[in-house]
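Participant: Below is the file run_35.cif, with mmCIF, C-alpha atoms.
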data_model
#
loop_
_atom_site.label_atom_id
_atom_site.label_comp_id
_atom_site.auth_asym_id
_atom_site.auth_seq_id
_atom_site.Cartn_x
_atom_site.Cartn_y
_atom_site.Cartn_z
CA MET M 116 -180.97 -81.55 -82.68
CA LEU M 117 -183.03 -78.56 -82.82
CA SER M 118 -186.46 -77.99 -81.58
CA THR M 119 -185.58 -74.38 -81.05
CA PRO M 120 -187.35 -71.95 -83.31
CA VAL M 121 -184.22 -70.64 -84.88
CA PRO M 122 -183.91 -70.25 -88.65
CA ARG M 123 -181.76 -72.79 -90.44
CA GLY M 124 -179.22 -70.28 -91.62
CA ALA M 125 -178.41 -69.62 -87.98
CA ILE M 126 -177.56 -73.28 -87.41
CA ILE M 127 -175.01 -73.21 -90.18
CA PHE M 128 -173.68 -69.87 -89.12
CA SER M 129 -173.22 -70.98 -85.53
CA LYS M 130 -171.16 -73.95 -86.69
CA VAL M 131 -169.09 -71.69 -88.90
CA LEU M 132 -168.53 -69.28 -86.04
CA ASN M 133 -167.56 -72.14 -83.79
CA ALA M 134 -165.02 -73.36 -86.32
CA ALA M 135 -163.60 -69.86 -86.64
CA LEU M 136 -163.23 -69.50 -82.88
CA ARG M 137 -161.53 -72.87 -82.59
CA ALA M 138 -159.16 -72.06 -85.44
CA MET M 139 -158.23 -68.73 -83.87
CA LEU M 140 -157.55 -70.35 -80.52
CA GLN M 141 -155.43 -73.03 -82.11
CA ALA M 142 -153.48 -70.44 -84.09
CA THR M 143 -152.65 -68.69 -80.82
CA VAL M 144 -151.31 -71.93 -79.39
CA ILE M 145 -149.25 -72.57 -82.49
CA LEU M 146 -147.75 -69.10 -82.52
CA LEU M 147 -146.77 -69.37 -78.87
CA LEU M 148 -145.21 -72.78 -79.45
CA ALA M 149 -143.38 -71.54 -82.53
CA VAL M 150 -141.90 -68.63 -80.63
CA LEU M 151 -140.78 -71.10 -77.99
CA PHE M 152 -139.18 -73.28 -80.64
CA GLY M 153 -137.30 -70.38 -82.11
CA LEU M 154 -139.43 -68.55 -84.64
CA LYS M 155 -137.66 -65.47 -86.00
CA LEU M 156 -140.02 -62.51 -86.00
CA SER M 157 -139.56 -59.76 -88.50
CA PRO M 158 -138.58 -56.25 -87.36
CA THR M 159 -141.98 -54.87 -88.43
CA PHE M 160 -143.90 -56.95 -85.93
CA SER M 161 -146.33 -55.06 -83.71
CA MET M 162 -149.66 -55.48 -81.98
CA MET M 163 -151.56 -54.53 -85.15
CA ASN M 164 -150.08 -57.59 -86.79
CA ILE M 165 -151.80 -59.84 -84.28
CA LEU M 166 -155.13 -58.28 -85.23
CA GLY M 167 -154.33 -58.92 -88.86
CA ILE M 168 -153.44 -62.54 -88.12
CA TYR M 169 -156.75 -63.14 -86.37
CA SER M 170 -158.79 -61.51 -89.11
CA ALA M 171 -157.07 -63.55 -91.82
CA ILE M 172 -157.69 -66.77 -89.91
CA PHE M 173 -161.30 -65.77 -89.31
CA LEU M 174 -161.90 -65.16 -92.99
CA ILE M 175 -160.43 -68.39 -94.17
CA SER M 176 -162.08 -70.53 -91.53
CA VAL M 177 -165.47 -69.04 -92.46
CA GLY M 178 -164.89 -69.97 -96.09
CA LEU M 179 -163.38 -73.40 -95.48
CA SER M 180 -165.92 -74.55 -92.90
CA SER M 181 -168.74 -73.52 -95.23
CA ILE M 182 -167.24 -75.75 -97.91
CA PHE M 183 -166.85 -78.68 -95.57
CA LEU M 184 -170.32 -78.19 -94.12
CA ALA M 185 -171.79 -78.11 -97.60
CA PHE M 186 -170.23 -81.48 -98.31
CA SER M 187 -171.65 -83.09 -95.20
CA LEU M 188 -175.14 -81.58 -95.14
CA ARG M 189 -177.01 -84.49 -96.60
CA SER M 190 -175.27 -87.51 -95.18
CA THR M 191 -176.05 -89.51 -92.08
CA LYS M 192 -172.95 -91.66 -92.14
CA LEU M 193 -169.52 -90.34 -91.33
CA GLU M 194 -167.60 -92.11 -94.08
CA ARG M 195 -169.01 -90.31 -97.08
CA PRO M 196 -168.07 -86.73 -96.19
CA MET M 197 -164.81 -87.97 -94.70
CA GLN M 198 -163.80 -89.46 -98.05
CA ILE M 199 -164.74 -86.40 -100.06
CA VAL M 200 -163.09 -84.06 -97.61
CA SER M 201 -159.88 -86.05 -97.41
CA LEU M 202 -159.79 -86.02 -101.20
CA ILE M 203 -159.63 -82.27 -101.31
CA THR M 204 -157.52 -81.78 -98.19
CA MET M 205 -154.27 -83.24 -99.56
CA PRO M 206 -154.17 -81.26 -102.82
CA LEU M 207 -155.16 -78.06 -101.02
CA MET M 208 -152.34 -78.51 -98.58
CA PHE M 209 -149.55 -79.39 -100.97
CA ALA M 210 -150.45 -77.27 -103.98
CA SER M 211 -149.92 -74.12 -101.98
CA ASN M 212 -147.42 -71.93 -100.31
CA THR M 213 -147.14 -73.82 -97.05
CA PHE M 214 -144.13 -76.03 -97.56
CA PHE M 215 -142.31 -74.56 -100.52
CA PRO M 216 -142.41 -71.24 -102.32
CA ILE M 217 -144.64 -71.17 -105.38
CA SER M 218 -141.78 -69.97 -107.57
CA MET M 219 -140.07 -73.34 -107.16
CA MET M 220 -142.99 -75.34 -108.47
CA PRO M 221 -143.58 -76.54 -112.04
CA SER M 222 -145.95 -74.37 -114.03
CA TRP M 223 -148.93 -76.73 -113.86
CA LEU M 224 -148.70 -76.79 -110.08
CA GLN M 225 -148.22 -73.05 -109.93
CA SER M 226 -151.55 -72.47 -111.65
CA VAL M 227 -153.29 -74.49 -108.92
CA ALA M 228 -151.34 -72.74 -106.19
CA TYR M 229 -152.37 -69.31 -107.40
CA VAL M 230 -156.05 -70.24 -107.05
CA ASN M 231 -155.64 -71.94 -103.69
CA PRO M 232 -156.91 -69.78 -100.80
CA LEU M 233 -154.45 -71.43 -98.44
CA SER M 234 -151.51 -69.94 -100.27
CA TYR M 235 -152.98 -66.46 -99.88
CA LEU M 236 -153.58 -67.11 -96.20
CA THR M 237 -150.04 -68.36 -95.66
CA ASP M 238 -148.59 -65.44 -97.56
CA ALA M 239 -150.58 -62.95 -95.48
CA LEU M 240 -149.58 -64.67 -92.24
CA ARG M 241 -145.92 -64.78 -93.23
CA GLN M 242 -145.88 -61.11 -94.07
CA LEU M 243 -147.46 -60.36 -90.74
CA THR M 244 -144.98 -62.39 -88.72
CA ILE M 245 -141.64 -63.23 -90.28
CA LEU M 246 -141.28 -61.23 -93.48
CA PRO M 247 -141.25 -57.44 -93.79
CA LEU M 248 -144.70 -56.09 -94.55
CA ASP M 249 -145.50 -55.41 -98.20
CA ALA M 250 -148.68 -53.36 -98.31
CA SER M 251 -149.85 -54.10 -101.85
CA ARG M 252 -149.35 -57.84 -101.55
CA ILE M 253 -151.08 -58.11 -98.22
CA LEU M 254 -154.02 -56.08 -99.52
CA VAL M 255 -154.39 -58.51 -102.40
CA ASP M 256 -154.25 -61.41 -99.94
CA PHE M 257 -156.96 -60.02 -97.71
CA LEU M 258 -159.12 -59.14 -100.70
CA TYR M 259 -158.90 -62.68 -102.01
CA LEU M 260 -159.67 -64.13 -98.58
CA GLY M 261 -162.65 -61.82 -98.14
CA VAL M 262 -164.11 -62.71 -101.53
CA PHE M 263 -163.50 -66.41 -100.87
CA ALA M 264 -165.19 -66.25 -97.45
CA SER M 265 -168.24 -64.35 -98.68
CA ILE M 266 -168.80 -66.50 -101.77
CA PHE M 267 -168.53 -69.80 -99.99
CA SER M 268 -170.48 -68.82 -96.90
CA LEU M 269 -173.25 -67.64 -99.23
CA ILE M 270 -173.17 -70.99 -101.03
CA GLY M 271 -173.27 -72.80 -97.69
CA ILE M 272 -176.26 -70.81 -96.41
CA VAL M 273 -178.18 -71.23 -99.67
CA LEU M 274 -177.54 -74.97 -99.66
CA SER M 275 -178.67 -75.21 -96.06
CA TRP M 276 -181.93 -73.51 -96.91
CA ARG M 277 -182.64 -76.11 -99.56
CA TYR M 278 -181.22 -79.25 -98.03
CA LEU M 279 -181.20 -79.02 -94.25
CA THR M 280 -184.27 -81.08 -93.51
CA ARG M 281 -184.61 -84.56 -92.12
CA MET J 123 -196.67 -71.82 -86.20
CA SER J 124 -196.01 -74.77 -84.01
CA ASN J 125 -194.99 -72.62 -81.10
CA PRO J 126 -198.04 -72.04 -78.89
CA ASN J 127 -196.57 -69.18 -76.90
CA ASN J 128 -195.75 -67.13 -79.99
CA TYR J 129 -192.35 -66.41 -78.52
CA ARG J 130 -189.71 -66.14 -81.16
CA PRO J 131 -186.21 -65.19 -79.95
CA SER J 132 -184.26 -62.78 -82.04
CA LEU J 133 -181.81 -64.08 -84.59
CA LEU J 134 -178.77 -62.87 -82.73
CA CYS J 135 -179.90 -64.40 -79.46
CA GLY J 136 -180.43 -67.76 -81.09
CA LEU J 137 -177.09 -67.57 -82.84
CA LEU J 138 -175.28 -66.82 -79.61
CA ALA J 139 -177.05 -69.62 -77.77
CA LEU J 140 -176.15 -72.15 -80.46
CA THR J 141 -172.53 -71.07 -80.60
CA VAL J 142 -172.15 -71.27 -76.84
CA ARG J 143 -173.73 -74.72 -76.90
CA GLU J 144 -171.27 -75.93 -79.50
CA LEU J 145 -168.32 -74.48 -77.63
CA LYS J 146 -169.39 -76.06 -74.36
CA LYS J 147 -169.78 -79.42 -76.02
CA TRP J 148 -166.22 -79.17 -77.13
CA LEU J 149 -164.55 -77.56 -74.15
CA ASN J 150 -165.92 -80.10 -71.70
CA ASP J 151 -164.00 -82.89 -73.36
CA PRO J 152 -160.51 -83.24 -71.82
CA ILE J 153 -159.17 -85.43 -74.61
CA MET J 154 -160.00 -82.80 -77.18
CA LEU J 155 -158.25 -80.14 -75.13
CA LEU J 156 -155.17 -82.35 -74.90
CA MET J 157 -155.14 -82.97 -78.64
CA PHE J 158 -155.61 -79.26 -79.15
CA VAL J 159 -152.23 -78.56 -77.59
CA LEU J 160 -150.50 -81.79 -78.57
CA GLN J 161 -151.23 -81.75 -82.30
CA PRO J 162 -149.42 -78.53 -83.15
CA LEU J 163 -146.62 -79.51 -80.81
CA ILE J 164 -146.03 -82.79 -82.58
CA TRP J 165 -146.39 -81.40 -86.09
CA MET J 166 -144.10 -78.47 -85.48
CA GLY J 167 -141.58 -80.17 -83.31
CA LEU J 168 -141.14 -83.17 -85.55
CA LEU J 169 -141.79 -81.93 -89.06
CA GLY J 170 -140.50 -78.43 -88.53
CA LYS J 171 -137.31 -79.30 -86.80
CA SER J 172 -136.47 -82.35 -88.88
CA MET J 173 -136.60 -80.52 -92.20
CA ASN J 174 -133.50 -78.52 -91.50
CA LEU J 175 -132.86 -77.27 -95.01
CA GLY J 176 -130.29 -74.73 -93.92
CA ALA J 177 -127.89 -77.53 -93.04
CA MET J 178 -127.48 -78.27 -96.73
CA PHE J 179 -125.35 -75.17 -96.95
CA SER J 180 -123.04 -75.90 -94.05
CA PRO J 181 -119.28 -75.67 -94.69
CA GLU J 182 -118.83 -79.45 -94.61
CA ASN J 183 -121.27 -79.93 -97.44
CA MET J 184 -119.90 -77.13 -99.53
CA GLY J 185 -116.23 -77.29 -98.77
CA ASN J 186 -115.23 -80.55 -100.41
CA ILE J 187 -114.21 -79.01 -103.69
CA HIS J 188 -110.87 -80.16 -104.89
CA ILE J 189 -108.66 -77.15 -105.38
CA PRO J 190 -105.19 -77.86 -106.75
CA ASP J 191 -102.09 -76.54 -105.04
CA LYS J 192 -101.23 -73.99 -107.65
CA ILE J 193 -103.79 -72.52 -109.98
CA PRO J 194 -102.38 -71.09 -113.21
CA ILE J 195 -103.87 -67.87 -114.51
CA PRO J 196 -102.97 -66.90 -118.08
CA GLY J 197 -100.90 -63.75 -118.24
CA ASN J 198 -103.25 -61.69 -120.36
CA TYR J 199 -106.04 -61.90 -117.73
CA VAL J 200 -103.90 -60.18 -115.13
CA THR J 201 -103.39 -56.42 -114.80
CA PRO J 202 -100.64 -55.50 -115.44
CA MET J 203 -100.26 -58.08 -118.19
CA VAL J 204 -97.40 -60.50 -117.99
CA ASP J 205 -96.10 -63.16 -120.30
CA GLY J 206 -96.74 -66.74 -119.41
CA TYR J 207 -98.74 -67.78 -116.32
CA VAL J 208 -99.29 -66.36 -112.85
CA TYR J 209 -99.74 -68.94 -110.11
CA VAL J 210 -102.20 -68.53 -107.25
CA SER J 211 -101.80 -70.66 -104.17
CA GLY J 212 -104.62 -73.18 -103.88
CA ALA J 213 -104.57 -73.21 -100.11
CA TRP J 214 -105.25 -69.51 -99.83
CA LEU J 215 -108.04 -69.80 -102.41
CA SER J 216 -109.77 -72.63 -100.58
CA GLN J 217 -109.50 -70.79 -97.29
CA SER J 218 -111.10 -67.64 -98.64
CA LEU J 219 -113.77 -69.69 -100.39
CA GLN J 220 -114.59 -71.37 -97.10
CA GLN J 221 -115.03 -67.98 -95.52
CA MET J 222 -117.34 -67.02 -98.35
CA PHE J 223 -119.34 -70.25 -98.01
CA SER J 224 -120.26 -69.51 -94.44
CA ASN J 225 -122.47 -66.67 -95.68
CA ILE J 226 -123.75 -68.27 -98.84
CA GLY J 227 -126.18 -70.60 -97.09
CA GLU J 228 -127.93 -67.77 -95.32
CA ASN J 229 -128.16 -65.70 -98.48
CA VAL J 230 -129.53 -68.55 -100.54
CA MET J 231 -132.19 -69.28 -97.93
CA LYS J 232 -133.09 -65.62 -97.76
CA ASN J 233 -133.47 -65.40 -101.51
CA VAL J 234 -135.55 -68.56 -101.83
CA PHE J 235 -137.69 -68.53 -98.72
CA GLY J 236 -137.53 -65.01 -97.44
CA VAL J 237 -136.15 -65.98 -94.04
CA SER J 238 -132.82 -67.53 -93.14
CA ASP J 239 -134.18 -70.69 -91.57
CA TYR J 240 -136.77 -73.12 -92.84
CA PHE J 241 -138.45 -73.66 -89.48
CA SER J 242 -139.89 -70.13 -89.40
CA TYR J 243 -141.12 -70.51 -92.96
CA MET J 244 -142.84 -73.75 -92.20
CA ALA J 245 -144.27 -72.88 -88.79
CA ILE J 246 -146.62 -70.42 -90.46
CA GLY J 247 -147.48 -73.08 -92.99
CA MET J 248 -148.36 -75.27 -90.03
CA ILE J 249 -150.90 -72.68 -88.93
CA SER J 250 -152.77 -72.89 -92.23
CA MET J 251 -152.59 -76.67 -92.23
CA ILE J 252 -154.03 -76.96 -88.75
CA VAL J 253 -156.67 -74.33 -89.50
CA MET J 254 -157.74 -76.53 -92.36
CA THR J 255 -157.96 -79.68 -90.25
CA THR J 256 -159.84 -77.84 -87.51
CA THR J 257 -162.44 -76.51 -89.91
CA MET J 258 -162.66 -79.93 -91.53
CA PHE J 259 -163.57 -81.56 -88.23
CA SER J 260 -166.04 -78.96 -87.16
CA GLY J 261 -167.62 -79.00 -90.58
CA MET J 262 -168.13 -82.72 -90.33
CA SER J 263 -169.58 -82.47 -86.83
CA ILE J 264 -172.93 -81.74 -88.40
CA VAL J 265 -173.05 -85.38 -89.41
CA TRP J 266 -172.90 -86.41 -85.77
CA ASP J 267 -175.78 -84.09 -85.02
CA ARG J 268 -177.80 -85.65 -87.78
CA VAL J 269 -176.97 -89.15 -86.60
CA SER J 270 -177.30 -88.83 -82.85
CA ASP J 271 -180.16 -86.45 -82.27
CA SER J 272 -183.26 -86.30 -84.29
CA TRP J 273 -184.20 -83.31 -86.32
CA ILE J 274 -187.52 -81.98 -85.22
CA LYS J 275 -189.15 -79.51 -87.48
CA CYS J 276 -190.01 -76.35 -85.65
#
Can you turn what I pasted into structure tokens?
Facilitator:
Amino acid sequence: MLSTPVPRGAIIFSKVLNAALRAMLQATVILLLAVLFGLKLSPTFSMMNILGIYSAIFLISVGLSSIFLAFSLRSTKLERPMQIVSLITMPLMFASNTFFPISMMPSWLQSVAYVNPLSYLTDALRQLTILPLDASRILVDFLYLGVFASIFSLIGIVLSWRYLTR
Amino acid sequence: MSNPNNYRPSLLCGLLALTVRELKKWLNDPIMLLMFVLQPLIWMGLLGKSMNLGAMFSPENMGNIHIPDKIPIPGNYVTPMVDGYVYVSGAWLSQSLQQMFSNIGENVMKNVFGVSDYFSYMAIGMISMIVMTTTMFSGMSIVWDRVSDSWIKC
């Protein structure tokens, strides 16, 4: 693709940025649709909350797209990364906060859900939109998301330095 | 260096150019734009609205408890204490229980989920699910770049 004299870390970072922009746009669409369908906003909703929503989605999409990029760096066929990625997509989605509260899960599933970054993202988003804002919990959520994003984007960039050749 | 002009653009300029290129590649595709709006619509409209957990606590589902016509209460549980039994009418008890049940569903949902209807709870979960699928697809797009174009070392 690239005969441009741009360092390889920039290639990865542009894809990550692209994924983050797409995710933020899609989250806007979803929020608008949800309000149309009858989403009940909490009384503490304000314009600052929208900023918080976008920053949370930015952080997690940076981290997640670095993971998925790292899995597909070396392959030239589409099936291999698709299989690996679909193997980790299902557990990430269901062993988290998205469909049921963590307190209802059995203890072995709870231990996975507490490590899952998606559950921290969903908790932060819920506190920003439908639940009343709890400052300590949302700080913990954003801290976890920030650490997750930085660690995995670092891993992605380091892997791209070593492996992104032909 | 393989670049004869010795012109090296700054890192930020290259990053911006690449990002804009990726975005243009995606925005020019009408099918992708359609799926962009249709996918959350389908997921939320079907999954969100079909899992109507609050309907479990509707009066029809909670009101079918058989309450006898007269309920005896032993005399020493009543103030002031009486000998024998005091009878409470079953019809009045079931009516007041039905009035209580109309609030119980909302309170249970609020205690479990935090909001009184499941659709709000799950719509935010939909956001994280679709964020994950979006990043999954854009993460795998690097494979198409490796397949279609050829990597030329700069």
Participant: Excluding same-chain residues fewer than 3 positions from Ser265 (chain M), what lies within 9 Å of it counting only C-alpha atoms, as an mmCIF file with C-alpha atoms, keeping the file's coordinate frame?
Facilitator:
data_model
loop_
_atom_site.group_PDB
_atom_site.id
_atom_site.type_symbol
_atom_site.label_atom_id
_atom_site.label_comp_id
_atom_site.auth_asym_id
_atom_site.auth_seq_id
_atom_site.Cartn_x
_atom_site.Cartn_y
_atom_site.Cartn_z
ATOM 1 C CA LEU M 174 -161.900 -65.160 -92.990
ATOM 2 C CA VAL M 177 -165.470 -69.040 -92.460
ATOM 3 C CA GLY M 178 -164.890 -69.970 -96.090
ATOM 4 C CA LEU M 260 -159.670 -64.130 -98.580
ATOM 5 C CA GLY M 261 -162.650 -61.820 -98.140
ATOM 6 C CA VAL M 262 -164.110 -62.710 -101.530
ATOM 7 C CA SER M 268 -170.480 -68.820 -96.900
ATOM 8 C CA LEU M 269 -173.250 -67.640 -99.230
ATOM 9 C CA ILE M 270 -173.170 -70.990 -101.030
#
Participant: List the residues selected by the PyMOL selection byres ((chain J and resi 177) around 12) in the file shown, writing them as a PyMOL selection string.
Facilitator: chain J and resi 171-176+178-184+224+226-228+230-231+238-241
Participant: Do you know which residues the PyMOL selection byres ((chain J and resi 206) around 6) returns on this file, as a PyMOL selection string?
Facilitator: chain J and resi 197+205+207
Participant: Going by the chain IDs and residue numbers used in this file, which residues fall under the PyMOL selection byres ((chain M and resi 203-218) around 7)? Write them as a PDB file with C-alpha atoms, keeping the file's coordinate frame.
Facilitator:
ATOM      1  CA  ILE M 199    -164.740 -86.400-100.060  1.00  0.00           C
ATOM      2  CA  VAL M 200    -163.090 -84.060 -97.610  1.00  0.00           C
ATOM      3  CA  SER M 201    -159.880 -86.050 -97.410  1.00  0.00           C
ATOM      4  CA  LEU M 202    -159.790 -86.020-101.200  1.00  0.00           C
ATOM      5  CA  MET M 219    -140.070 -73.340-107.160  1.00  0.00           C
ATOM      6  CA  MET M 220    -142.990 -75.340-108.470  1.00  0.00           C
ATOM      7  CA  LEU M 224    -148.700 -76.790-110.080  1.00  0.00           C
ATOM      8  CA  GLN M 225    -148.220 -73.050-109.930  1.00  0.00           C
ATOM      9  CA  VAL M 227    -153.290 -74.490-108.920  1.00  0.00           C
ATOM     10  CA  ALA M 228    -151.340 -72.740-106.190  1.00  0.00           C
ATOM     11  CA  ASN M 231    -155.640 -71.940-103.690  1.00  0.00           C
ATOM     12  CA  LEU M 233    -154.450 -71.430 -98.440  1.00  0.00           C
ATOM     13  CA  SER M 234    -151.510 -69.940-100.270  1.00  0.00           C
ATOM     14  CA  THR M 237    -150.040 -68.360 -95.660  1.00  0.00           C
TER      15      THR M 237
ATOM     16  CA  PHE J 235    -137.690 -68.530 -98.720  1.00  0.00           C
ATOM     17  CA  MET J 244    -142.840 -73.750 -92.200  1.00  0.00           C
ATOM     18  CA  GLY J 247    -147.480 -73.080 -92.990  1.00  0.00           C
ATOM     19  CA  MET J 251    -152.590 -76.670 -92.230  1.00  0.00           C
TER      20      MET J 251
END
Participant: List every protein, DNA or RNA residue that has at least one atom no more than 12 Å from (-171.6, -71.6, -79.9) in the file's coordinates, counting only C-alpha atoms, and write the result as a PyMOL selection string.
Facilitator: (chain M and resi 125-137) or (chain J and resi 134-149+260)
Participant: Determine the nearest neighbour of chain M from the options J:Gly212, J:Pro196, J:Gly167, J:Pro190, counting only C-alpha atoms.
Facilitator: J:Gly167
Participant: Which value, in Å to one decimal, gives the distance between CA of Ala264 (chain M) and CA of Pro221 (chain M)?
Facilitator: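 These atoms are spaced 28.0 Å apart.
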Participant: Using all atoms listed in the file, find the one residue out of M:Gln198, M:Ser181, M:Thr159, M:Ser222 that sits nearest to chain J.
Facilitator: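 Nearest to chain J: M:Ser181.
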Participant: In Å, with one decimal, what is the gap from CA of Met163 (chain M) to CA of Asn233 (chain J)?
Facilitator: 26.7 Å
Participant: Ser211 (chain J): which residues within 6 Å, counting all atoms listed in the file, same-chain residues fewer than 2 positions away excluded, as a VMD selection string?
Facilitator: chain J and resid 191 to 192 213 to 214
Participant: Can you write just those residues out, C-alpha atoms, as a short mmCIF file (atom, residue, chain, number, x, y, z; two decimals), keeping the file's coordinate frame?
Facilitator:
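Contents of the output file part-v7.cif:
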data_model
loop_
_atom_site.label_atom_id
_atom_site.label_comp_id
_atom_site.auth_asym_id
_atom_site.auth_seq_id
_atom_site.Cartn_x
_atom_site.Cartn_y
_atom_site.Cartn_z
CA ASP J 191 -102.09 -76.54 -105.04
CA LYS J 192 -101.23 -73.99 -107.65
CA ALA J 213 -104.57 -73.21 -100.11
CA TRP J 214 -105.25 -69.51 -99.83
#
Participant: Could you name the residues that touch Tyr209 (chain J) at 7 Å or less, counting only C-alpha atoms, but leaving out those on the same chain fewer than 4 positions away, as a short mmCIF file (atom, residue, chain, number, x, y, z; two decimals) with C-alpha atoms, in the coordinates of the input?
Facilitator:
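So the final result, stored in result30.cif, reads:
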data_model
loop_
_atom_site.label_atom_id
_atom_site.label_comp_id
_atom_site.auth_asym_id
_atom_site.auth_seq_id
_atom_site.Cartn_x
_atom_site.Cartn_y
_atom_site.Cartn_z
CA LYS J 192 -101.23 -73.99 -107.65
CA ILE J 193 -103.79 -72.52 -109.98
CA PRO J 194 -102.38 -71.09 -113.21
CA ILE J 195 -103.87 -67.87 -114.51
#
Participant: Could you pull the residues within 9 Å of Leu215 (chain J), counting only C-alpha atoms, minus those fewer than 5 positions along the same chain, as a list in words?
Facilitator: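 Residues meeting the cut-off are Ile189, Val210 and Gln220 of chain J.
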Participant: Tell me, in Å to one decimal, how far CA of Gly170 (chain J) is from CA of Gly153 (chain M).
Facilitator: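 CA of Gly170 (chain J) sits 10.8 Å away from CA of Gly153 (chain M).
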